[in-house]
>>> print(open('work.csv').read())   # CSV, N, CA and C atoms
chain,number,residue,atom,x,y,z
W,1,MET,N,13.6,5.7,21.7
W,1,MET,CA,12.8,5.5,20.5
W,1,MET,C,13.3,6.4,19.4
W,2,ALA,N,13.6,5.9,18.3
W,2,ALA,CA,14.0,6.7,17.1
W,2,ALA,C,12.9,7.5,16.6
W,3,THR,N,13.1,8.8,16.2
W,3,THR,CA,12.1,9.6,15.6
W,3,THR,C,11.8,9.1,14.2
W,4,PRO,N,10.5,8.8,13.9
W,4,PRO,CA,10.1,8.4,12.6
W,4,PRO,C,10.3,9.5,11.6
W,5,HIS,N,10.6,9.2,10.3
W,5,HIS,CA,10.6,10.2,9.3
W,5,HIS,C,9.1,10.6,9.0
W,6,ILE,N,8.9,11.9,9.0
W,6,ILE,CA,7.6,12.5,8.8
W,6,ILE,C,7.7,13.6,7.8
W,7,GLU,N,6.8,13.6,6.8
W,7,GLU,CA,6.7,14.6,5.8
W,7,GLU,C,5.3,15.0,5.6
W,8,LEU,N,5.0,16.3,5.3
W,8,LEU,CA,3.7,16.7,5.0
W,8,LEU,C,3.3,16.3,3.6
W,9,LYS,N,2.2,15.6,3.4
W,9,LYS,CA,1.8,15.1,2.1
W,9,LYS,C,0.9,16.1,1.4
W,10,ALA,N,-0.1,16.7,2.1
W,10,ALA,CA,-1.0,17.5,1.5
W,10,ALA,C,-1.8,18.3,2.5
W,11,VAL,N,-2.5,19.4,2.1
W,11,VAL,CA,-3.5,20.0,3.0
W,11,VAL,C,-4.8,19.8,2.3
W,12,THR,N,-5.8,19.4,3.1
W,12,THR,CA,-7.1,19.1,2.5
W,12,THR,C,-8.1,20.1,3.1
W,13,ILE,N,-8.9,20.7,2.2
W,13,ILE,CA,-9.8,21.8,2.6
W,13,ILE,C,-11.3,21.4,2.3
W,14,ASP,N,-12.1,21.5,3.3
W,14,ASP,CA,-13.6,21.2,3.1
W,14,ASP,C,-14.2,22.3,2.3
W,15,CYS,N,-15.2,22.0,1.4
W,15,CYS,CA,-15.8,23.0,0.6
W,15,CYS,C,-17.2,22.4,0.1
W,16,SER,N,-18.0,23.2,-0.5
W,16,SER,CA,-19.3,22.7,-1.0
W,16,SER,C,-19.1,22.0,-2.4
W,17,ASP,N,-18.2,22.4,-3.2
W,17,ASP,CA,-18.0,21.8,-4.5
W,17,ASP,C,-16.5,21.7,-4.8
W,18,ALA,N,-15.9,20.5,-4.5
W,18,ALA,CA,-14.5,20.3,-4.6
W,18,ALA,C,-14.0,20.5,-6.0
W,19,ALA,N,-14.7,20.1,-7.0
W,19,ALA,CA,-14.2,20.2,-8.4
W,19,ALA,C,-14.1,21.7,-8.8
W,20,ARG,N,-15.2,22.4,-8.5
W,20,ARG,CA,-15.2,23.9,-8.8
W,20,ARG,C,-14.1,24.6,-8.1
W,21,LEU,N,-13.9,24.4,-6.8
W,21,LEU,CA,-12.9,25.1,-6.1
W,21,LEU,C,-11.5,24.7,-6.6
W,22,ALA,N,-11.3,23.4,-6.9
W,22,ALA,CA,-10.0,23.0,-7.4
W,22,ALA,C,-9.7,23.6,-8.7
W,23,GLU,N,-10.7,23.8,-9.6
W,23,GLU,CA,-10.5,24.4,-10.9
W,23,GLU,C,-10.1,25.9,-10.7
W,24,PHE,N,-10.7,26.6,-9.7
W,24,PHE,CA,-10.3,27.9,-9.5
W,24,PHE,C,-8.8,28.0,-9.1
W,25,TYR,N,-8.4,27.2,-8.1
W,25,TYR,CA,-7.0,27.3,-7.7
W,25,TYR,C,-6.0,26.8,-8.7
W,26,ALA,N,-6.4,25.8,-9.5
W,26,ALA,CA,-5.6,25.4,-10.6
W,26,ALA,C,-5.4,26.5,-11.6
W,27,GLU,N,-6.4,27.2,-11.9
W,27,GLU,CA,-6.4,28.3,-12.9
W,27,GLU,C,-5.5,29.4,-12.3
W,28,PHE,N,-5.8,29.7,-11.1
W,28,PHE,CA,-5.1,30.8,-10.4
W,28,PHE,C,-3.6,30.6,-10.3
W,29,THR,N,-3.2,29.3,-10.0
W,29,THR,CA,-1.8,29.0,-9.8
W,29,THR,C,-1.1,28.4,-10.9
W,30,GLY,N,-1.8,28.0,-12.0
W,30,GLY,CA,-1.2,27.3,-13.1
W,30,GLY,C,-1.0,25.8,-12.7
W,31,GLY,N,-1.8,25.4,-11.7
W,31,GLY,CA,-1.7,24.0,-11.3
W,31,GLY,C,-2.4,23.0,-12.2
W,32,ARG,N,-2.4,21.7,-11.7
W,32,ARG,CA,-3.1,20.7,-12.5
W,32,ARG,C,-4.1,20.0,-11.6
W,33,VAL,N,-5.3,19.7,-12.0
W,33,VAL,CA,-6.4,19.1,-11.3
W,33,VAL,C,-6.3,17.6,-11.5
W,34,THR,N,-6.4,16.8,-10.5
W,34,THR,CA,-6.6,15.4,-10.6
W,34,THR,C,-7.7,14.9,-9.7
W,35,PRO,N,-8.8,14.4,-10.2
W,35,PRO,CA,-9.8,13.8,-9.4
W,35,PRO,C,-9.3,12.6,-8.6
W,36,LEU,N,-9.6,12.5,-7.3
W,36,LEU,CA,-9.2,11.4,-6.5
W,36,LEU,C,-10.3,10.3,-6.2
W,37,ASP,N,-11.5,10.6,-6.8
W,37,ASP,CA,-12.6,9.6,-6.7
W,37,ASP,C,-13.4,9.8,-8.0
W,38,ASP,N,-14.3,8.9,-8.2
W,38,ASP,CA,-15.2,8.9,-9.4
W,38,ASP,C,-16.2,10.0,-9.4
W,39,ASP,N,-16.5,10.6,-8.3
W,39,ASP,CA,-17.6,11.6,-8.2
W,39,ASP,C,-17.1,13.1,-8.2
W,40,ASN,N,-15.7,13.2,-8.3
W,40,ASN,CA,-15.1,14.6,-8.1
W,40,ASN,C,-15.5,15.2,-6.8
W,41,GLU,N,-15.7,14.4,-5.8
W,41,GLU,CA,-16.0,14.9,-4.5
W,41,GLU,C,-14.6,15.1,-3.7
W,42,PHE,N,-13.6,14.5,-4.2
W,42,PHE,CA,-12.2,14.6,-3.6
W,42,PHE,C,-11.3,14.8,-4.7
W,43,VAL,N,-10.7,16.0,-4.7
W,43,VAL,CA,-9.9,16.5,-5.9
W,43,VAL,C,-8.5,17.1,-5.4
W,44,ARG,N,-7.5,16.8,-6.2
W,44,ARG,CA,-6.2,17.3,-5.9
W,44,ARG,C,-5.8,18.4,-6.9
W,45,VAL,N,-5.1,19.4,-6.4
W,45,VAL,CA,-4.5,20.4,-7.3
W,45,VAL,C,-3.0,20.3,-7.0
W,46,SER,N,-2.2,20.0,-8.0
W,46,SER,CA,-0.8,20.0,-7.9
W,46,SER,C,-0.3,21.3,-8.4
W,47,MET,N,0.5,22.0,-7.6
W,47,MET,CA,1.0,23.3,-8.0
W,47,MET,C,2.4,23.4,-7.4
W,48,ALA,N,3.1,24.4,-7.9
W,48,ALA,CA,4.4,24.7,-7.3
W,48,ALA,C,4.4,24.8,-5.8
W,49,GLY,N,5.2,24.1,-5.1
W,49,GLY,CA,5.2,24.1,-3.7
W,49,GLY,C,4.4,23.0,-3.0
W,50,GLY,N,3.6,22.2,-3.8
W,50,GLY,CA,2.9,21.1,-3.2
W,50,GLY,C,1.5,20.9,-3.7
W,51,ASP,N,0.8,20.0,-3.1
W,51,ASP,CA,-0.6,19.7,-3.4
W,51,ASP,C,-1.5,20.3,-2.4
W,52,VAL,N,-2.7,20.7,-2.9
W,52,VAL,CA,-3.8,21.0,-2.0
W,52,VAL,C,-4.9,20.2,-2.5
W,53,ARG,N,-5.6,19.6,-1.5
W,53,ARG,CA,-6.8,18.7,-1.8
W,53,ARG,C,-8.0,19.4,-1.3
W,54,PHE,N,-9.1,19.1,-2.1
W,54,PHE,CA,-10.4,19.7,-1.7
W,54,PHE,C,-11.4,18.6,-1.6
W,55,GLN,N,-12.2,18.6,-0.6
W,55,GLN,CA,-13.3,17.6,-0.5
W,55,GLN,C,-14.6,18.2,-0.2
W,56,SER,N,-15.6,17.8,-1.0
W,56,SER,CA,-17.0,18.3,-0.9
W,56,SER,C,-17.6,17.7,0.4
W,57,VAL,N,-18.3,18.6,1.2
W,57,VAL,CA,-19.0,18.1,2.4
W,57,VAL,C,-20.4,18.6,2.3
W,58,ASN,N,-21.3,17.8,2.9
W,58,ASN,CA,-22.7,18.3,3.0
W,58,ASN,C,-22.8,19.4,3.9
W,59,SER,N,-23.7,20.3,3.7
W,59,SER,CA,-24.0,21.4,4.5
W,59,SER,C,-22.8,22.3,4.9
W,60,TYR,N,-21.9,22.5,3.9
W,60,TYR,CA,-20.8,23.3,4.1
W,60,TYR,C,-21.2,24.7,4.4
W,61,THR,N,-20.5,25.3,5.4
W,61,THR,CA,-20.7,26.7,5.7
W,61,THR,C,-19.4,27.4,5.5
W,62,PRO,N,-19.3,28.4,4.6
W,62,PRO,CA,-18.1,29.1,4.4
W,62,PRO,C,-17.6,29.9,5.6
W,63,PRO,N,-16.3,30.1,5.7
W,63,PRO,CA,-15.8,30.9,6.8
W,63,PRO,C,-16.1,32.4,6.6
W,64,GLN,N,-16.1,33.1,7.6
W,64,GLN,CA,-16.2,34.6,7.5
W,64,GLN,C,-14.9,35.2,7.9
W,65,TRP,N,-14.4,36.1,7.2
W,65,TRP,CA,-13.1,36.8,7.5
W,65,TRP,C,-13.3,38.2,7.6
W,66,PRO,N,-12.8,38.9,8.6
W,66,PRO,CA,-12.3,38.3,9.8
W,66,PRO,C,-13.4,37.8,10.7
W,67,GLY,N,-13.2,36.9,11.5
W,67,GLY,CA,-14.2,36.4,12.4
W,67,GLY,C,-14.1,34.9,12.7
W,68,GLN,N,-14.7,34.5,13.7
W,68,GLN,CA,-14.6,33.1,14.2
W,68,GLN,C,-16.0,32.4,14.1
W,69,GLU,N,-17.0,33.1,13.7
W,69,GLU,CA,-18.3,32.5,13.7
W,69,GLU,C,-18.4,31.2,12.8
W,70,HIS,N,-17.8,31.2,11.7
W,70,HIS,CA,-17.8,30.0,10.8
W,70,HIS,C,-16.4,29.7,10.4
W,71,PRO,N,-15.5,29.3,11.3
W,71,PRO,CA,-14.1,29.0,10.9
W,71,PRO,C,-14.0,27.9,9.9
W,72,GLN,N,-13.0,28.0,9.0
W,72,GLN,CA,-12.7,27.0,8.0
W,72,GLN,C,-12.2,25.7,8.7
W,73,GLN,N,-12.7,24.6,8.3
W,73,GLN,CA,-12.2,23.3,8.9
W,73,GLN,C,-11.3,22.7,7.8
W,74,ALA,N,-10.1,22.4,8.1
W,74,ALA,CA,-9.1,21.7,7.2
W,74,ALA,C,-8.4,20.7,8.1
W,75,HIS,N,-7.8,19.7,7.4
W,75,HIS,CA,-6.9,18.8,8.1
W,75,HIS,C,-5.7,18.5,7.3
W,76,LEU,N,-4.6,18.1,8.0
W,76,LEU,CA,-3.3,17.8,7.3
W,76,LEU,C,-3.1,16.3,7.2
W,77,ASP,N,-2.5,15.9,6.1
W,77,ASP,CA,-2.2,14.5,5.8
W,77,ASP,C,-0.7,14.4,5.9
W,78,PHE,N,-0.1,13.5,6.7
W,78,PHE,CA,1.3,13.3,6.8
W,78,PHE,C,1.7,12.0,6.3
W,79,GLY,N,2.7,11.9,5.4
W,79,GLY,CA,3.2,10.6,5.0
W,79,GLY,C,4.3,10.2,6.0
W,80,VAL,N,4.2,9.0,6.5
W,80,VAL,CA,5.2,8.5,7.5
W,80,VAL,C,5.7,7.2,7.0
W,81,ASP,N,7.0,6.9,7.4
W,81,ASP,CA,7.5,5.6,7.0
W,81,ASP,C,7.1,4.5,8.0
W,82,ASP,N,6.6,4.8,9.2
W,82,ASP,CA,6.1,3.9,10.1
W,82,ASP,C,4.9,4.5,10.9
W,83,VAL,N,3.7,4.1,10.5
W,83,VAL,CA,2.5,4.7,11.1
W,83,VAL,C,2.5,4.5,12.6
W,84,GLU,N,2.8,3.2,13.1
W,84,GLU,CA,2.7,3.0,14.5
W,84,GLU,C,3.7,3.9,15.3
W,85,ALA,N,4.9,4.0,14.8
W,85,ALA,CA,5.9,4.9,15.5
W,85,ALA,C,5.4,6.3,15.4
W,86,ALA,N,4.8,6.7,14.3
W,86,ALA,CA,4.3,8.1,14.2
W,86,ALA,C,3.2,8.4,15.2
W,87,VAL,N,2.3,7.4,15.3
W,87,VAL,CA,1.2,7.5,16.3
W,87,VAL,C,1.7,7.7,17.7
W,88,LYS,N,2.7,6.8,18.0
W,88,LYS,CA,3.3,6.9,19.4
W,88,LYS,C,3.9,8.3,19.6
W,89,ARG,N,4.7,8.8,18.6
W,89,ARG,CA,5.3,10.1,18.7
W,89,ARG,C,4.3,11.2,18.9
W,90,ALA,N,3.2,11.1,18.1
W,90,ALA,CA,2.1,12.1,18.2
W,90,ALA,C,1.5,12.1,19.6
W,91,GLU,N,1.2,10.9,20.1
W,91,GLU,CA,0.6,10.7,21.4
W,91,GLU,C,1.5,11.3,22.5
W,92,LYS,N,2.8,11.1,22.3
W,92,LYS,CA,3.8,11.6,23.3
W,92,LYS,C,3.8,13.1,23.3
W,93,LEU,N,3.5,13.7,22.2
W,93,LEU,CA,3.4,15.2,22.1
W,93,LEU,C,2.0,15.8,22.4
W,94,GLY,N,1.1,14.9,22.8
W,94,GLY,CA,-0.2,15.4,23.2
W,94,GLY,C,-1.4,15.1,22.3
W,95,ALA,N,-1.2,14.5,21.1
W,95,ALA,CA,-2.3,14.1,20.2
W,95,ALA,C,-3.0,12.8,20.7
W,96,ILE,N,-4.2,12.6,20.3
W,96,ILE,CA,-4.9,11.4,20.6
W,96,ILE,C,-5.5,10.8,19.3
W,97,PRO,N,-5.7,9.5,19.3
W,97,PRO,CA,-6.4,9.0,18.1
W,97,PRO,C,-7.9,9.4,18.1
W,98,ALA,N,-8.4,9.8,16.9
W,98,ALA,CA,-9.8,10.2,16.8
W,98,ALA,C,-10.7,9.0,17.1
W,99,ILE,N,-11.8,9.3,17.7
W,99,ILE,CA,-12.8,8.3,18.0
W,99,ILE,C,-13.2,7.5,16.8
W,100,GLU,N,-13.5,8.2,15.7
W,100,GLU,CA,-13.9,7.6,14.5
W,100,GLU,C,-12.8,7.4,13.6
W,101,GLN,N,-12.5,6.2,13.1
W,101,GLN,CA,-11.4,5.8,12.2
W,101,GLN,C,-12.1,5.3,10.9
W,102,PRO,N,-12.3,6.1,9.9
W,102,PRO,CA,-13.0,5.6,8.7
W,102,PRO,C,-12.3,4.5,7.9
W,103,ASP,N,-11.0,4.4,8.0
W,103,ASP,CA,-10.2,3.4,7.2
W,103,ASP,C,-8.9,3.1,7.9
W,104,ALA,N,-9.0,2.7,9.2
W,104,ALA,CA,-7.8,2.4,10.0
W,104,ALA,C,-6.8,1.4,9.4
W,105,GLU,N,-7.3,0.6,8.4
W,105,GLU,CA,-6.4,-0.3,7.8
W,105,GLU,C,-5.4,0.4,6.9
W,106,HIS,N,-5.8,1.6,6.4
W,106,HIS,CA,-4.9,2.4,5.4
W,106,HIS,C,-4.3,3.7,6.0
W,107,TYR,N,-4.9,4.2,7.0
W,107,TYR,CA,-4.4,5.5,7.6
W,107,TYR,C,-5.0,5.6,9.0
W,108,MET,N,-4.3,6.5,9.8
W,108,MET,CA,-4.8,6.7,11.2
W,108,MET,C,-5.1,8.2,11.3
W,109,VAL,N,-6.3,8.5,11.8
W,109,VAL,CA,-6.8,9.8,12.1
W,109,VAL,C,-6.4,10.1,13.6
W,110,MET,N,-5.7,11.3,13.7
W,110,MET,CA,-5.4,11.7,15.1
W,110,MET,C,-6.0,13.1,15.3
W,111,THR,N,-6.1,13.5,16.5
W,111,THR,CA,-6.4,14.9,16.8
W,111,THR,C,-5.3,15.6,17.6
W,112,ASP,N,-4.9,16.8,17.2
W,112,ASP,CA,-3.9,17.5,17.9
W,112,ASP,C,-4.3,18.0,19.3
W,113,PRO,N,-3.5,18.6,20.1
W,113,PRO,CA,-3.9,19.0,21.4
W,113,PRO,C,-5.0,20.0,21.4
W,114,GLU,N,-5.2,20.7,20.3
W,114,GLU,CA,-6.4,21.6,20.2
W,114,GLU,C,-7.6,21.0,19.6
W,115,GLY,N,-7.5,19.7,19.2
W,115,GLY,CA,-8.7,19.0,18.6
W,115,GLY,C,-8.8,19.0,17.1
W,116,HIS,N,-7.8,19.6,16.4
W,116,HIS,CA,-7.8,19.6,14.9
W,116,HIS,C,-7.4,18.2,14.4
W,117,PRO,N,-8.1,17.6,13.5
W,117,PRO,CA,-7.8,16.3,12.9
W,117,PRO,C,-6.6,16.4,12.0
W,118,PHE,N,-5.8,15.3,12.0
W,118,PHE,CA,-4.7,15.1,10.9
W,118,PHE,C,-4.6,13.6,10.7
W,119,CYS,N,-4.1,13.3,9.5
W,119,CYS,CA,-4.0,11.9,9.2
W,119,CYS,C,-2.6,11.4,9.0
W,120,LEU,N,-2.3,10.2,9.5
W,120,LEU,CA,-1.0,9.6,9.3
W,120,LEU,C,-1.1,8.5,8.3
W,121,LYS,N,-0.4,8.6,7.2
W,121,LYS,CA,-0.6,7.6,6.1
W,121,LYS,C,0.8,7.1,5.8
W,122,PRO,N,0.9,5.8,5.3
W,122,PRO,CA,2.2,5.3,4.9
W,122,PRO,C,2.7,6.2,3.7
W,123,SER,N,4.0,6.5,3.8
W,123,SER,CA,4.6,7.4,2.7
W,123,SER,C,4.3,6.9,1.3
W,124,SER,N,4.2,5.6,1.2
W,124,SER,CA,3.9,5.0,-0.2
W,124,SER,C,2.5,5.2,-0.6
W,125,ALA,N,1.6,5.6,0.3
W,125,ALA,CA,0.2,5.8,-0.1
W,125,ALA,C,-0.1,7.1,-0.8
>>> encode(input="work.csv", output="C-alpha cells")
Amino acid sequence: MATPHIELKAVTIDCSDAARLAEFYAEFTGGRVTPLDDDNEFVRVSMAGGDVRFQSVNSYTPPQWPGQEHPQQAHLDFGVDDVEAAVKRAEKLGAIPAIEQPDAEHYMVMTDPEGHPFCLKPSSA
C-alpha cells in the first residue's frame, strides 16, 4: 500500500474563551485572527510558522505547570489527500477510530496509541 500524503494543518487548543485567547496570541505574535464560526467559539490565528486554532469548551479547567493534575487537552488536525488510506495507515500504526464521530462525512476523528484525539481531513478542507 502506498503511503498517503499527510501534512499537519493546525493545532487546536481548548480554552474558556477562544476569541480572547486568540487575540492574545495574535497580538503577541503579530498574527491575524479569523473566526471559524458565527459565535467566535472556534477561532484561528494565522502566524509565521502556521495556524493555531482555539475552541471554547464548557467547564474548561486550565492546566497547572508544572504538574499533571489539570493537563491541557489539545488535538491535531491533519490534511490528507485520501482520508480512507490515512485511516488505514493510522490504524496500522496503532491508532483507532474514536467512538464518537461528530461529522464523519467531512472528517475522521482518531485516537493515537496513548488515547489523544486527532482529526484526518481532506487536504482541500
>>> residues_around(input="work.csv", residues="Asp82 in chain W", least_positions_apart="3", cutoff="9 Å", atoms="only C-alpha atoms", output="MDAnalysis selection string")
chainID W and resid 4:6 79 85:87 121:123
>>> atom_distance(input="work.csv", atom1="CA of Ser124 in chain W", atom2="CA of Glu105 in chain W")
14.1 Å
>>> residues_around(input="work.csv", residues="range 37-39 of chain W", least_positions_apart="5", cutoff="10 Å", atoms="only C-alpha atoms", output="PyMOL selection string")
chain W and resi 18-19+56
>>> atom_distance(input="work.csv", atom1="atom C of Thr34 in chain W", atom2="atom N of Leu21 in chain W")
11.7 Å
>>> axis_aligned_box(input="work.csv", around="range 110-124 of chain W", padding_each_side="5 Å", output="JSON")
{"center_x": -2.1, "center_y": 13.3, "center_z": 10.4, "size_x": 23.4, "size_y": 26.6, "size_z": 32.0}
>>> select_by_dssp(input="work.csv", residues="chain W", states="strand (DSSP E or B)", output="ChimeraX atom specification")
/W:6-15,32-35,42-47,50-56,74-80,96-97,108-111,117-122
>>> write_last_selection(input="work.csv", atoms="N, CA and C atoms", output="short mmCIF file (atom, residue, chain, number, x, y, z; two decimals), keeping the file's coordinate frame")
data_model
loop_
_atom_site.label_atom_id
_atom_site.label_comp_id
_atom_site.auth_asym_id
_atom_site.auth_seq_id
_atom_site.Cartn_x
_atom_site.Cartn_y
_atom_site.Cartn_z
N ILE W 6 8.90 11.90 9.00
CA ILE W 6 7.60 12.50 8.80
C ILE W 6 7.70 13.60 7.80
N GLU W 7 6.80 13.60 6.80
CA GLU W 7 6.70 14.60 5.80
C GLU W 7 5.30 15.00 5.60
N LEU W 8 5.00 16.30 5.30
CA LEU W 8 3.70 16.70 5.00
C LEU W 8 3.30 16.30 3.60
N LYS W 9 2.20 15.60 3.40
CA LYS W 9 1.80 15.10 2.10
C LYS W 9 0.90 16.10 1.40
N ALA W 10 -0.10 16.70 2.10
CA ALA W 10 -1.00 17.50 1.50
C ALA W 10 -1.80 18.30 2.50
N VAL W 11 -2.50 19.40 2.10
CA VAL W 11 -3.50 20.00 3.00
C VAL W 11 -4.80 19.80 2.30
N THR W 12 -5.80 19.40 3.10
CA THR W 12 -7.10 19.10 2.50
C THR W 12 -8.10 20.10 3.10
N ILE W 13 -8.90 20.70 2.20
CA ILE W 13 -9.80 21.80 2.60
C ILE W 13 -11.30 21.40 2.30
N ASP W 14 -12.10 21.50 3.30
CA ASP W 14 -13.60 21.20 3.10
C ASP W 14 -14.20 22.30 2.30
N CYS W 15 -15.20 22.00 1.40
CA CYS W 15 -15.80 23.00 0.60
C CYS W 15 -17.20 22.40 0.10
N ARG W 32 -2.40 21.70 -11.70
CA ARG W 32 -3.10 20.70 -12.50
C ARG W 32 -4.10 20.00 -11.60
N VAL W 33 -5.30 19.70 -12.00
CA VAL W 33 -6.40 19.10 -11.30
C VAL W 33 -6.30 17.60 -11.50
N THR W 34 -6.40 16.80 -10.50
CA THR W 34 -6.60 15.40 -10.60
C THR W 34 -7.70 14.90 -9.70
N PRO W 35 -8.80 14.40 -10.20
CA PRO W 35 -9.80 13.80 -9.40
C PRO W 35 -9.30 12.60 -8.60
N PHE W 42 -13.60 14.50 -4.20
CA PHE W 42 -12.20 14.60 -3.60
C PHE W 42 -11.30 14.80 -4.70
N VAL W 43 -10.70 16.00 -4.70
CA VAL W 43 -9.90 16.50 -5.90
C VAL W 43 -8.50 17.10 -5.40
N ARG W 44 -7.50 16.80 -6.20
CA ARG W 44 -6.20 17.30 -5.90
C ARG W 44 -5.80 18.40 -6.90
N VAL W 45 -5.10 19.40 -6.40
CA VAL W 45 -4.50 20.40 -7.30
C VAL W 45 -3.00 20.30 -7.00
N SER W 46 -2.20 20.00 -8.00
CA SER W 46 -0.80 20.00 -7.90
C SER W 46 -0.30 21.30 -8.40
N MET W 47 0.50 22.00 -7.60
CA MET W 47 1.00 23.30 -8.00
C MET W 47 2.40 23.40 -7.40
N GLY W 50 3.60 22.20 -3.80
CA GLY W 50 2.90 21.10 -3.20
C GLY W 50 1.50 20.90 -3.70
N ASP W 51 0.80 20.00 -3.10
CA ASP W 51 -0.60 19.70 -3.40
C ASP W 51 -1.50 20.30 -2.40
N VAL W 52 -2.70 20.70 -2.90
CA VAL W 52 -3.80 21.00 -2.00
C VAL W 52 -4.90 20.20 -2.50
N ARG W 53 -5.60 19.60 -1.50
CA ARG W 53 -6.80 18.70 -1.80
C ARG W 53 -8.00 19.40 -1.30
N PHE W 54 -9.10 19.10 -2.10
CA PHE W 54 -10.40 19.70 -1.70
C PHE W 54 -11.40 18.60 -1.60
N GLN W 55 -12.20 18.60 -0.60
CA GLN W 55 -13.30 17.60 -0.50
C GLN W 55 -14.60 18.20 -0.20
N SER W 56 -15.60 17.80 -1.00
CA SER W 56 -17.00 18.30 -0.90
C SER W 56 -17.60 17.70 0.40
N ALA W 74 -10.10 22.40 8.10
CA ALA W 74 -9.10 21.70 7.20
C ALA W 74 -8.40 20.70 8.10
N HIS W 75 -7.80 19.70 7.40
CA HIS W 75 -6.90 18.80 8.10
C HIS W 75 -5.70 18.50 7.30
N LEU W 76 -4.60 18.10 8.00
CA LEU W 76 -3.30 17.80 7.30
C LEU W 76 -3.10 16.30 7.20
N ASP W 77 -2.50 15.90 6.10
CA ASP W 77 -2.20 14.50 5.80
C ASP W 77 -0.70 14.40 5.90
N PHE W 78 -0.10 13.50 6.70
CA PHE W 78 1.30 13.30 6.80
C PHE W 78 1.70 12.00 6.30
N GLY W 79 2.70 11.90 5.40
CA GLY W 79 3.20 10.60 5.00
C GLY W 79 4.30 10.20 6.00
N VAL W 80 4.20 9.00 6.50
CA VAL W 80 5.20 8.50 7.50
C VAL W 80 5.70 7.20 7.00
N ILE W 96 -4.20 12.60 20.30
CA ILE W 96 -4.90 11.40 20.60
C ILE W 96 -5.50 10.80 19.30
N PRO W 97 -5.70 9.50 19.30
CA PRO W 97 -6.40 9.00 18.10
C PRO W 97 -7.90 9.40 18.10
N MET W 108 -4.30 6.50 9.80
CA MET W 108 -4.80 6.70 11.20
C MET W 108 -5.10 8.20 11.30
N VAL W 109 -6.30 8.50 11.80
CA VAL W 109 -6.80 9.80 12.10
C VAL W 109 -6.40 10.10 13.60
N MET W 110 -5.70 11.30 13.70
CA MET W 110 -5.40 11.70 15.10
C MET W 110 -6.00 13.10 15.30
N THR W 111 -6.10 13.50 16.50
CA THR W 111 -6.40 14.90 16.80
C THR W 111 -5.30 15.60 17.60
N PRO W 117 -8.10 17.60 13.50
CA PRO W 117 -7.80 16.30 12.90
C PRO W 117 -6.60 16.40 12.00
N PHE W 118 -5.80 15.30 12.00
CA PHE W 118 -4.70 15.10 10.90
C PHE W 118 -4.60 13.60 10.70
N CYS W 119 -4.10 13.30 9.50
CA CYS W 119 -4.00 11.90 9.20
C CYS W 119 -2.60 11.40 9.00
N LEU W 120 -2.30 10.20 9.50
CA LEU W 120 -1.00 9.60 9.30
C LEU W 120 -1.10 8.50 8.30
N LYS W 121 -0.40 8.60 7.20
CA LYS W 121 -0.60 7.60 6.10
C LYS W 121 0.80 7.10 5.80
N PRO W 122 0.90 5.80 5.30
CA PRO W 122 2.20 5.30 4.90
C PRO W 122 2.70 6.20 3.70
#
>>> atom_distance(input="work.csv", atom1="atom N of Val83 in chain W", atom2="CA of Leu120 in chain W")
7.3 Å
>>> closest_residue(input="work.csv", among="W:Arg53, W:Arg20, W:Arg32, W:His75", to="Met110 in chain W", atoms="only C-alpha atoms")
W:His75
>>> closest_residue(input="work.csv", among="W:Asp51, W:Lys9, W:Leu36, W:Arg44", to="Ala22 in chain W", atoms="only N, CA and C atoms")
W:Arg44
